[in-house]
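Pasting entry33.cif here (mmCIF, C-alpha atoms):
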```
data_work
loop_
_atom_site.label_atom_id
_atom_site.label_comp_id
_atom_site.auth_asym_id
_atom_site.auth_seq_id
_atom_site.Cartn_x
_atom_site.Cartn_y
_atom_site.Cartn_z
CA MET A 1 -147.66 -56.06 121.74
CA VAL A 2 -144.98 -58.34 120.42
CA VAL A 3 -142.41 -56.04 121.96
CA ALA A 4 -144.23 -56.04 125.30
CA GLN A 5 -144.42 -59.83 125.26
CA THR A 6 -140.74 -60.15 124.50
CA THR A 7 -139.94 -57.76 127.31
CA GLY A 8 -142.14 -59.79 129.62
CA ARG A 9 -140.32 -62.98 128.69
CA ASP A 10 -136.98 -61.21 129.13
CA HIS A 11 -138.01 -60.16 132.61
CA VAL A 12 -138.90 -63.72 133.52
CA ALA A 13 -135.58 -64.92 132.12
CA THR A 14 -133.69 -62.25 134.08
CA ASP A 15 -135.57 -63.09 137.28
CA ARG A 16 -134.79 -66.78 136.90
CA ARG A 17 -131.15 -66.08 136.10
CA THR A 18 -130.94 -63.90 139.23
CA ALA A 19 -132.67 -66.59 141.30
CA ILE A 20 -130.05 -69.11 140.17
CA LEU A 21 -127.18 -66.75 141.05
CA GLU A 22 -128.70 -65.97 144.45
CA GLY A 23 -129.08 -69.70 145.02
CA ALA A 24 -125.46 -70.31 144.01
CA ALA A 25 -124.16 -67.63 146.39
CA ARG A 26 -126.30 -69.10 149.19
CA LEU A 27 -125.09 -72.66 148.58
CA ILE A 28 -121.43 -71.64 148.29
CA ALA A 29 -121.71 -69.69 151.55
CA ARG A 30 -123.37 -72.68 153.21
CA ARG A 31 -121.11 -75.54 152.15
CA GLY A 32 -118.41 -74.19 149.84
CA VAL A 33 -117.71 -74.23 146.12
CA ARG A 34 -116.77 -77.87 146.09
CA GLY A 35 -120.12 -78.93 147.50
CA LEU A 36 -121.96 -77.14 144.68
CA ARG A 37 -123.86 -79.52 142.38
CA VAL A 38 -125.99 -78.31 139.48
CA GLU A 39 -129.00 -80.46 140.51
CA GLU A 40 -128.90 -79.06 144.02
CA LEU A 41 -128.54 -75.51 142.71
CA ALA A 42 -131.56 -76.01 140.47
CA ALA A 43 -133.59 -77.23 143.47
CA GLU A 44 -132.40 -74.28 145.59
CA ALA A 45 -133.41 -71.80 142.86
CA GLY A 46 -136.70 -73.58 142.09
CA VAL A 47 -135.82 -74.19 138.43
CA SER A 48 -134.84 -77.20 136.31
CA ALA A 49 -131.23 -78.30 135.90
CA ALA A 50 -131.74 -77.79 132.15
CA LEU A 51 -132.47 -74.11 132.75
CA VAL A 52 -129.29 -73.75 134.82
CA TYR A 53 -127.31 -75.24 131.92
CA TYR A 54 -129.22 -73.05 129.44
CA HIS A 55 -128.21 -69.86 131.28
CA PHE A 56 -124.68 -70.78 132.39
CA LYS A 57 -123.52 -73.55 130.06
CA ASP A 58 -121.52 -75.49 132.65
CA ARG A 59 -120.18 -75.47 136.20
CA ALA A 60 -117.36 -73.08 135.27
CA GLY A 61 -119.94 -70.66 133.83
CA ILE A 62 -121.94 -70.82 137.05
CA LEU A 63 -118.90 -70.09 139.20
CA LEU A 64 -117.68 -67.18 137.06
CA ARG A 65 -121.13 -65.56 136.89
CA THR A 66 -121.62 -66.08 140.63
CA LEU A 67 -118.31 -64.33 141.23
CA GLU A 68 -119.55 -61.32 139.21
CA PHE A 69 -122.88 -61.43 140.99
CA ILE A 70 -121.16 -61.37 144.41
CA SER A 71 -118.85 -58.52 143.33
CA ASP A 72 -121.80 -56.45 142.11
CA ARG A 73 -123.73 -57.11 145.29
CA ALA A 74 -120.75 -56.06 147.44
CA GLU A 75 -120.41 -52.92 145.37
CA ARG A 76 -124.08 -52.17 146.04
CA TYR A 77 -123.95 -52.54 149.80
CA THR A 78 -120.65 -50.71 150.12
CA ALA A 79 -121.97 -47.82 148.04
CA GLY A 80 -123.49 -46.23 151.12
CA HIS A 81 -127.07 -47.44 151.54
CA GLY A 82 -127.69 -49.15 154.83
CA ASP A 83 -124.63 -47.74 156.55
CA HIS A 84 -124.59 -49.15 160.09
CA THR A 85 -121.01 -48.28 160.77
CA GLY A 86 -121.22 -44.89 162.42
CA PRO A 87 -118.91 -41.99 161.72
CA THR A 88 -115.37 -42.57 160.49
CA ARG A 89 -112.25 -40.78 161.64
CA HIS A 90 -109.50 -41.25 159.08
CA GLY A 91 -110.14 -42.81 155.74
CA GLY A 92 -113.42 -41.12 154.86
CA GLU A 93 -115.04 -42.77 151.86
CA LEU A 94 -112.54 -45.64 151.78
CA GLU A 95 -112.87 -46.49 155.45
CA ARG A 96 -116.64 -46.32 155.19
CA SER A 97 -116.77 -48.73 152.26
CA PHE A 98 -114.35 -51.18 153.94
CA LEU A 99 -116.30 -51.15 157.20
CA LEU A 100 -119.46 -51.92 155.24
CA GLU A 101 -117.76 -55.19 154.24
CA LEU A 102 -117.33 -56.07 157.90
CA GLN A 103 -120.89 -56.06 159.24
CA ASP A 104 -122.78 -58.82 160.98
CA LEU A 105 -125.68 -58.76 158.51
CA PRO A 106 -126.86 -61.95 156.76
CA GLU A 107 -126.27 -60.50 153.26
CA VAL A 108 -122.75 -59.27 154.06
CA ARG A 109 -121.82 -62.49 155.86
CA GLU A 110 -123.12 -64.67 153.01
CA ASN A 111 -121.45 -62.55 150.37
CA SER A 112 -118.11 -62.47 152.19
CA ILE A 113 -118.09 -66.20 152.88
CA ALA A 114 -118.85 -66.92 149.21
CA TRP A 115 -116.18 -64.48 148.00
CA GLY A 116 -113.55 -65.92 150.36
CA GLU A 117 -114.48 -69.43 149.31
CA LEU A 118 -114.21 -68.60 145.60
CA ARG A 119 -110.86 -66.91 146.30
CA ALA A 120 -109.56 -69.95 148.20
CA SER A 121 -110.88 -72.40 145.58
CA ALA A 122 -109.03 -70.61 142.79
CA VAL A 123 -105.85 -72.23 144.14
CA PHE A 124 -107.30 -75.57 142.97
CA ASP A 125 -109.53 -74.37 140.14
CA PRO A 126 -107.78 -72.47 137.34
CA VAL A 127 -111.17 -71.63 135.77
CA LEU A 128 -111.80 -69.21 138.59
CA ARG A 129 -108.43 -67.55 138.20
CA ARG A 130 -109.25 -65.13 135.38
CA GLY A 131 -112.57 -64.14 136.89
CA LEU A 132 -110.93 -63.47 140.23
CA ALA A 133 -108.06 -61.57 138.66
CA GLU A 134 -110.54 -59.26 136.89
CA ALA A 135 -112.86 -58.77 139.87
CA GLY A 136 -109.88 -58.24 142.18
CA ALA A 137 -108.23 -55.76 139.83
CA ALA A 138 -111.47 -53.76 139.46
CA TRP A 139 -111.81 -53.61 143.25
CA ALA A 140 -108.16 -52.55 143.72
CA ARG A 141 -108.62 -49.83 141.06
CA GLU A 142 -111.62 -48.42 142.94
CA VAL A 143 -109.64 -48.36 146.17
CA ALA A 144 -106.68 -46.70 144.39
CA GLU A 145 -109.09 -44.07 143.04
CA LEU A 146 -110.43 -43.34 146.51
CA LEU A 147 -106.83 -42.95 147.70
CA GLY A 148 -106.23 -40.66 144.72
CA ALA A 149 -109.10 -38.43 145.83
CA THR A 150 -107.41 -37.80 149.19
CA HIS A 151 -103.79 -38.04 147.95
CA PRO A 152 -103.75 -36.57 144.42
CA ALA A 153 -100.02 -35.80 144.54
CA VAL A 154 -99.03 -39.40 145.25
CA SER A 155 -97.90 -41.56 142.32
CA ALA A 156 -100.33 -44.05 140.80
CA THR A 157 -97.83 -46.84 141.57
CA ALA A 158 -97.74 -46.04 145.27
CA ARG A 159 -101.53 -45.82 145.41
CA ALA A 160 -101.90 -49.12 143.55
CA ALA A 161 -99.56 -50.83 146.03
CA SER A 162 -101.55 -49.46 148.99
CA ALA A 163 -104.79 -50.57 147.34
CA GLU A 164 -103.48 -54.10 146.74
CA ARG A 165 -102.35 -54.35 150.35
CA LEU A 166 -105.58 -52.98 151.80
CA THR A 167 -107.82 -55.27 149.74
CA ALA A 168 -105.65 -58.32 150.53
CA LEU A 169 -105.70 -57.39 154.21
CA LEU A 170 -109.48 -56.98 154.19
CA GLU A 171 -109.77 -60.48 152.73
CA GLY A 172 -107.38 -61.89 155.32
CA LEU A 173 -109.18 -60.23 158.24
CA SER A 174 -112.58 -61.13 156.82
CA MET A 175 -111.63 -64.80 156.67
CA ARG A 176 -110.47 -64.69 160.30
CA TRP A 177 -113.72 -63.05 161.32
CA LEU A 178 -115.91 -65.47 159.35
CA SER A 179 -114.13 -68.53 160.75
CA GLY A 180 -114.74 -67.23 164.28
CA VAL A 181 -111.07 -66.66 165.08
CA LEU A 182 -111.17 -62.82 165.19
CA PRO A 183 -114.04 -60.84 166.76
CA LEU A 184 -115.79 -58.54 164.28
CA GLU A 185 -115.01 -55.41 166.30
CA ASN A 186 -111.28 -56.22 166.23
CA ALA A 187 -111.36 -56.81 162.49
CA ARG A 188 -113.07 -53.43 161.99
CA LYS A 189 -110.58 -51.65 164.22
CA LEU A 190 -107.61 -53.30 162.51
CA ILE A 191 -108.73 -52.37 158.99
CA ALA A 192 -109.55 -48.77 160.00
CA GLU A 193 -106.05 -48.48 161.50
CA ALA A 194 -104.51 -50.04 158.38
CA ILE A 195 -106.14 -47.36 156.22
CA ALA A 196 -104.76 -44.70 158.57
CA VAL A 197 -101.30 -46.34 158.45
CA GLU A 198 -101.28 -46.50 154.64
CA ALA A 199 -102.60 -42.93 154.39
CA GLY A 200 -99.88 -41.80 156.82
CA ARG A 201 -97.30 -43.43 154.57
CA LEU A 202 -98.73 -41.71 151.48
CA ASP A 203 -98.55 -38.39 153.38
CA ASP A 204 -94.94 -38.98 154.44
CA PRO A 205 -92.60 -36.72 152.45
CA ARG A 206 -89.71 -39.21 152.98
CA ARG A 207 -91.66 -41.90 151.17
CA MET B 1 -82.46 -104.75 175.45
CA VAL B 2 -86.11 -104.35 176.27
CA VAL B 3 -85.61 -100.60 176.44
CA ALA B 4 -83.81 -100.55 173.10
CA GLN B 5 -86.61 -102.54 171.53
CA THR B 6 -89.25 -100.17 172.87
CA THR B 7 -87.28 -97.21 171.56
CA GLY B 8 -87.04 -98.95 168.19
CA ARG B 9 -90.79 -99.45 168.09
CA ASP B 10 -91.33 -95.83 169.15
CA HIS B 11 -89.17 -94.67 166.27
CA VAL B 12 -91.17 -96.72 163.80
CA ALA B 13 -94.40 -95.31 165.25
CA THR B 14 -93.05 -91.74 165.01
CA ASP B 15 -91.88 -92.29 161.44
CA ARG B 16 -95.27 -93.65 160.43
CA ARG B 17 -97.08 -90.83 162.19
CA THR B 18 -94.87 -88.33 160.35
CA ALA B 19 -95.45 -90.12 157.04
CA ILE B 20 -99.22 -89.80 157.58
CA LEU B 21 -98.94 -86.08 158.37
CA GLU B 22 -96.70 -85.48 155.34
CA GLY B 23 -99.22 -87.34 153.22
CA ALA B 24 -102.09 -85.30 154.63
CA ALA B 25 -100.31 -82.00 153.89
CA ARG B 26 -99.57 -83.22 150.36
CA LEU B 27 -103.15 -84.29 149.69
CA ILE B 28 -104.65 -81.10 151.14
CA ALA B 29 -102.29 -79.03 148.98
CA ARG B 30 -103.22 -81.09 145.93
CA ARG B 31 -107.00 -81.16 146.20
CA GLY B 32 -108.08 -79.38 149.36
CA VAL B 33 -109.33 -80.38 152.77
CA ARG B 34 -112.71 -81.48 151.52
CA GLY B 35 -111.20 -84.00 149.14
CA LEU B 36 -109.32 -85.68 151.98
CA ARG B 37 -110.48 -89.26 152.64
CA VAL B 38 -108.88 -91.50 155.27
CA GLU B 39 -108.51 -94.44 152.83
CA GLU B 40 -106.73 -92.23 150.32
CA LEU B 41 -104.51 -90.75 153.01
CA ALA B 42 -103.55 -94.25 154.16
CA ALA B 43 -102.62 -95.18 150.58
CA GLU B 44 -100.62 -91.95 150.16
CA ALA B 45 -98.67 -92.62 153.38
CA GLY B 46 -98.23 -96.33 152.64
CA VAL B 47 -100.00 -97.46 155.82
CA SER B 48 -103.35 -99.03 156.67
CA ALA B 49 -106.48 -96.96 157.34
CA ALA B 50 -106.58 -98.64 160.78
CA LEU B 51 -103.17 -97.15 161.58
CA VAL B 52 -104.38 -93.69 160.59
CA TYR B 53 -107.33 -94.07 162.97
CA TYR B 54 -105.03 -95.48 165.66
CA HIS B 55 -102.78 -92.40 165.53
CA PHE B 56 -105.38 -89.68 164.92
CA LYS B 57 -108.71 -91.10 166.11
CA ASP B 58 -110.86 -89.43 163.43
CA ARG B 59 -110.89 -86.96 160.56
CA ALA B 60 -110.95 -84.00 162.98
CA GLY B 61 -107.85 -85.38 164.69
CA ILE B 62 -106.07 -85.69 161.35
CA LEU B 63 -106.89 -82.10 160.38
CA LEU B 64 -105.84 -80.62 163.72
CA ARG B 65 -102.55 -82.53 163.83
CA THR B 66 -101.87 -81.64 160.18
CA LEU B 67 -102.39 -77.99 161.06
CA GLU B 68 -99.76 -78.29 163.82
CA PHE B 69 -97.44 -80.18 161.48
CA ILE B 70 -97.72 -77.42 158.86
CA SER B 71 -97.16 -74.68 161.44
CA ASP B 72 -94.05 -76.43 162.77
CA ARG B 73 -92.72 -76.93 159.26
CA ALA B 74 -93.26 -73.25 158.41
CA GLU B 75 -91.48 -72.30 161.61
CA ARG B 76 -88.55 -74.47 160.54
CA TYR B 77 -88.12 -73.03 157.06
CA THR B 78 -88.64 -69.46 158.23
CA ALA B 79 -86.05 -69.91 160.98
CA GLY B 80 -83.29 -69.07 158.55
CA HIS B 81 -81.96 -72.24 156.93
CA GLY B 82 -82.21 -72.19 153.16
CA ASP B 83 -82.59 -68.44 152.87
CA HIS B 84 -82.95 -67.64 149.18
CA THR B 85 -84.34 -64.18 149.68
CA GLY B 86 -81.28 -61.97 149.48
CA PRO B 87 -80.58 -59.03 151.76
CA THR B 88 -83.41 -57.12 153.42
CA ARG B 89 -83.67 -53.37 153.81
CA HIS B 90 -86.21 -52.54 156.50
CA GLY B 91 -87.74 -55.16 158.68
CA GLY B 92 -84.63 -57.23 159.45
CA GLU B 93 -85.56 -60.51 161.10
CA LEU B 94 -89.29 -60.03 160.53
CA GLU B 95 -88.97 -59.21 156.84
CA ARG B 96 -86.62 -62.12 156.37
CA SER B 97 -89.01 -64.60 157.96
CA PHE B 98 -92.00 -63.27 155.98
CA LEU B 99 -90.10 -63.43 152.69
CA LEU B 100 -89.21 -67.04 153.44
CA GLU B 101 -92.97 -67.74 153.36
CA LEU B 102 -93.12 -66.35 149.83
CA GLN B 103 -90.69 -68.53 147.90
CA ASP B 104 -91.29 -70.63 144.84
CA LEU B 105 -90.04 -73.84 146.44
CA PRO B 106 -92.12 -77.03 146.45
CA GLU B 107 -92.11 -77.29 150.25
CA VAL B 108 -93.12 -73.66 150.80
CA ARG B 109 -95.77 -73.80 148.09
CA GLU B 110 -97.27 -77.03 149.44
CA ASN B 111 -97.19 -75.79 153.01
CA SER B 112 -98.76 -72.43 152.14
CA ILE B 113 -101.51 -73.97 150.00
CA ALA B 114 -102.36 -76.41 152.79
CA TRP B 115 -102.36 -73.65 155.44
CA GLY B 116 -104.56 -71.37 153.31
CA GLU B 117 -106.92 -74.24 152.62
CA LEU B 118 -107.23 -75.14 156.30
CA ARG B 119 -107.80 -71.45 157.09
CA ALA B 120 -110.52 -71.17 154.42
CA SER B 121 -112.15 -74.45 155.46
CA ALA B 122 -112.47 -73.30 159.06
CA VAL B 123 -115.35 -71.08 157.87
CA PHE B 124 -117.30 -74.31 157.23
CA ASP B 125 -115.64 -76.60 159.76
CA PRO B 126 -115.83 -75.47 163.39
CA VAL B 127 -113.47 -78.31 164.41
CA LEU B 128 -110.61 -76.45 162.77
CA ARG B 129 -111.45 -73.19 164.52
CA ARG B 130 -109.71 -73.81 167.83
CA GLY B 131 -106.62 -75.24 166.21
CA LEU B 132 -106.38 -72.28 163.86
CA ALA B 133 -107.00 -69.78 166.65
CA GLU B 134 -104.11 -71.30 168.62
CA ALA B 135 -101.68 -71.61 165.70
CA GLY B 136 -102.58 -68.10 164.48
CA ALA B 137 -102.19 -66.59 167.94
CA ALA B 138 -98.78 -68.24 168.39
CA TRP B 139 -97.65 -66.86 165.02
CA ALA B 140 -98.94 -63.34 165.80
CA ARG B 141 -97.13 -63.47 169.18
CA GLU B 142 -93.84 -64.30 167.46
CA VAL B 143 -94.31 -61.42 165.04
CA ALA B 144 -95.20 -59.06 167.91
CA GLU B 145 -92.01 -60.18 169.69
CA LEU B 146 -89.91 -59.42 166.60
CA LEU B 147 -91.54 -55.97 166.46
CA GLY B 148 -90.76 -55.60 170.17
CA ALA B 149 -87.08 -56.25 169.51
CA THR B 150 -86.90 -53.27 167.12
CA HIS B 151 -89.53 -51.11 168.90
CA PRO B 152 -89.17 -51.80 172.64
CA ALA B 153 -90.82 -48.50 173.63
CA VAL B 154 -94.04 -49.23 171.74
CA SER B 155 -96.99 -50.63 173.72
CA ALA B 156 -97.74 -54.35 173.53
CA THR B 157 -101.23 -53.49 172.23
CA ALA B 158 -99.90 -51.51 169.27
CA ARG B 159 -97.41 -54.26 168.44
CA ALA B 160 -100.11 -56.93 168.68
CA ALA B 161 -102.32 -54.95 166.27
CA SER B 162 -99.44 -54.60 163.78
CA ALA B 163 -98.69 -58.31 164.10
CA GLU B 164 -102.32 -59.29 163.49
CA ARG B 165 -102.44 -57.07 160.40
CA LEU B 166 -99.12 -58.28 158.99
CA THR B 167 -99.97 -61.97 159.42
CA ALA B 168 -103.46 -61.49 157.93
CA LEU B 169 -101.94 -59.57 155.03
CA LEU B 170 -99.34 -62.27 154.42
CA GLU B 171 -102.16 -64.82 154.23
CA GLY B 172 -104.14 -62.62 151.85
CA LEU B 173 -101.16 -62.00 149.56
CA SER B 174 -100.10 -65.63 149.73
CA MET B 175 -103.53 -66.77 148.57
CA ARG B 176 -103.39 -64.33 145.64
CA TRP B 177 -99.94 -65.62 144.72
CA LEU B 178 -100.90 -69.28 145.02
CA SER B 179 -104.02 -68.85 142.90
CA GLY B 180 -101.91 -67.23 140.17
CA VAL B 181 -103.52 -63.79 140.46
CA LEU B 182 -100.50 -61.95 141.91
CA PRO B 183 -96.91 -62.54 140.72
CA LEU B 184 -94.61 -63.78 143.48
CA GLU B 185 -92.25 -60.80 143.14
CA ASN B 186 -95.13 -58.36 143.65
CA ALA B 187 -96.32 -60.25 146.72
CA ARG B 188 -92.79 -60.10 148.18
CA LYS B 189 -92.46 -56.40 147.46
CA LEU B 190 -95.89 -55.63 148.93
CA ILE B 191 -95.22 -57.47 152.20
CA ALA B 192 -91.77 -55.91 152.60
CA GLU B 193 -93.33 -52.46 152.13
CA ALA B 194 -96.11 -53.33 154.57
CA ILE B 195 -93.54 -54.15 157.23
CA ALA B 196 -91.84 -50.80 156.54
CA VAL B 197 -95.20 -49.00 156.69
CA GLU B 198 -96.14 -50.62 160.01
CA ALA B 199 -92.65 -49.98 161.41
CA GLY B 200 -92.93 -46.34 160.30
CA ARG B 201 -96.20 -46.09 162.16
CA LEU B 202 -94.67 -47.60 165.31
CA ASP B 203 -91.85 -45.05 165.03
CA ASP B 204 -94.25 -42.14 164.61
CA PRO B 205 -94.35 -40.05 167.80
CA ARG B 206 -97.89 -38.82 166.91
CA ARG B 207 -99.19 -42.38 167.02
#
```
Structure translated into structure tokens:
Amino acid sequence: MVVAQTTGRDHVATDRRTAILEGAARLIARRGVRGLRVEELAAEAGVSAALVYYHFKDRAGILLRTLEFISDRAERYTAGHGDHTGPTRHGGELERSFLLELQDLPEVRENSIAWGELRASAVFDPVLRRGLAEAGAAWAREVAELLGATHPAVSATARAASAERLTALLEGLSMRWLSGVLPLENARKLIAEAIAVEAGRLDDPRR
Amino acid sequence: MVVAQTTGRDHVATDRRTAILEGAARLIARRGVRGLRVEELAAEAGVSAALVYYHFKDRAGILLRTLEFISDRAERYTAGHGDHTGPTRHGGELERSFLLELQDLPEVRENSIAWGELRASAVFDPVLRRGLAEAGAAWAREVAELLGATHPAVSATARAASAERLTALLEGLSMRWLSGVLPLENARKLIAEAIAVEAGRLDDPRR
């Protein structure tokens, strides 16, 4: 019974921690990282400010854990469930996962705005730098692996360069879409073509 | 004499206007758009807050004119003076101008941080949207023209798509560089390769 009680308390703690991270992602997507105040986050998540500090120590802790939370969530919705993107022509798995990042769904929009905002804020906030470097590197490695599945003969260096370019381009296009400068359909078309262009390069024997 | 006096006053007005815009770019690069206050900008430029309002009407006016100022400045330092980038292999004029955007010089760094920050803020600030759409479209047109000089037979649509991708990628890589996540040399190498990859695609008869 003691074990069951502990597990019950753990569940509550996990739920509250998740509620705080969901609240942080929502607030960052609504007004940006620099508008994020702990008191407001506590109100958004329906918990006390003390509990926010208990779970995340300080503002830096909140931002770094929110970054992880957003990365995990993106990984979940790009893993294939809820695919509204239709069939793909070139990039297969890679194109599918990238197009799932460019969908006009509230979750995707919120997640992408928050990610872009954390990325942009890192220029001013060195705390975010390490977290972003790790999350970005993990993402680029996944993309390089997907390229490795279709281009096993290509060097790891060439695949890593393609992966870095494609992820940076997705971020650039995503920001243009989210700020209303580039229509979503154009962004999707441009990234699908970019995957084809990079794949064509990896296939090129003169490379 | 009256004419000369008027011209003198116009010069002073232009100098002060420029000082305000330089100050705005500096402040945005230092702490971001959202930290920009008119009183602080006035102090930075050595003028009164009233003069800032006189020249730019309101905060939106300041941001839009600063965006133009930054675009013009980037156009100046990518036009060839002060080229520290060494010889180029593939993209010629286009590669040269892109590499001039990725230099560890105070002016380039400040300008790129301010541009990236205005771009990121547009997600939250619709006022910036139109200004960014115009400045971004003008930049993409220039890049498409440079691609047209080397690939005159390629359709305008294909060149416009390449230009949109290359400018979005440069922004994405620039943000990674400026937030300390990607070394400058890697960013330069990746963009030079991207130009070669896109050019290869434009040369491909199967395209």
Checklist outcome for this item: In terms of only C-alpha atoms, the residue from A:Ala13, A:Leu182, A:Leu105, A:Ala138 at minimal distance from chain B is A:Leu182
Identify the residues within 10 Å of coordinate (-101.8, -71.8, 165.0) (same frame as the file), considering only C-alpha atoms, and give the answer as an mmCIF file with C-alpha atoms, keeping the file's coordinate frame.
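Now in selection.cif:
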```
data_model
loop_
_atom_site.group_PDB
_atom_site.id
_atom_site.type_symbol
_atom_site.label_atom_id
_atom_site.label_comp_id
_atom_site.auth_asym_id
_atom_site.auth_seq_id
_atom_site.Cartn_x
_atom_site.Cartn_y
_atom_site.Cartn_z
ATOM 1 C CA LEU B 64 -105.840 -80.620 163.720
ATOM 2 C CA LEU B 67 -102.390 -77.990 161.060
ATOM 3 C CA GLU B 68 -99.760 -78.290 163.820
ATOM 4 C CA ILE B 70 -97.720 -77.420 158.860
ATOM 5 C CA SER B 71 -97.160 -74.680 161.440
ATOM 6 C CA ASP B 72 -94.050 -76.430 162.770
ATOM 7 C CA TRP B 115 -102.360 -73.650 155.440
ATOM 8 C CA ARG B 119 -107.800 -71.450 157.090
ATOM 9 C CA ARG B 129 -111.450 -73.190 164.520
ATOM 10 C CA ARG B 130 -109.710 -73.810 167.830
ATOM 11 C CA GLY B 131 -106.620 -75.240 166.210
ATOM 12 C CA LEU B 132 -106.380 -72.280 163.860
ATOM 13 C CA ALA B 133 -107.000 -69.780 166.650
ATOM 14 C CA GLU B 134 -104.110 -71.300 168.620
ATOM 15 C CA ALA B 135 -101.680 -71.610 165.700
ATOM 16 C CA GLY B 136 -102.580 -68.100 164.480
ATOM 17 C CA ALA B 137 -102.190 -66.590 167.940
ATOM 18 C CA ALA B 138 -98.780 -68.240 168.390
ATOM 19 C CA TRP B 139 -97.650 -66.860 165.020
ATOM 20 C CA ALA B 140 -98.940 -63.340 165.800
#
```
Next on the checklist: Residue by residue, what does the PyMOL selection byres ((chain A) within 9 of (chain B)) grab here? Present the result as JSON, numbers by chain.
Outcome noted: {"A": [29, 30, 31, 32, 34, 35, 113, 116, 117, 119, 120, 121, 122, 123, 124, 125, 126, 128, 129, 130, 132, 133, 136, 161, 162, 164, 165, 166, 167, 168, 169, 170, 171, 172, 173, 175, 176, 177, 178, 179, 180, 181, 182, 190, 191, 193, 194, 197, 198, 200, 201]}
Checklist entry - Quick one: distance from atom CA of B:Leu94 to atom CA of B:Val108 in Å, one decimal? => result 17.2 Å
Next on the checklist: Report as a ChimeraX atom specification all protein, DNA and RNA residues lying within 8 Å of stretch 97-99 of chain B, evaluated on all atoms listed in the file, omitting residues in the same chain fewer than 2 positions from it.
Outcome noted: /B:78-80,85,93-95,101-103,170,188,191-192
Checklist entry - Mind telling me what the PyMOL selection byres ((chain A and resi 17-23) around 10) catches here, as an MDAnalysis selection string? => result chainID A and resid 11:16 24:29 40:47 51:52 54:56 62:63 65:70 111
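Here atom CA of B:Glu75 stands at a distance of 17.0 Å from atom CA of B:Leu147.
Picture a line from atom CA of B:Arg109 to atom CA of B:Arg59; it runs 23.6 Å.
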Checklist entry - Near A:Ala156, within 8 Å and counting only C-alpha atoms, which residues show up once chain neighbours fewer than 4 positions away are dropped, as a ChimeraX atom specification? => result /A:144,148,160
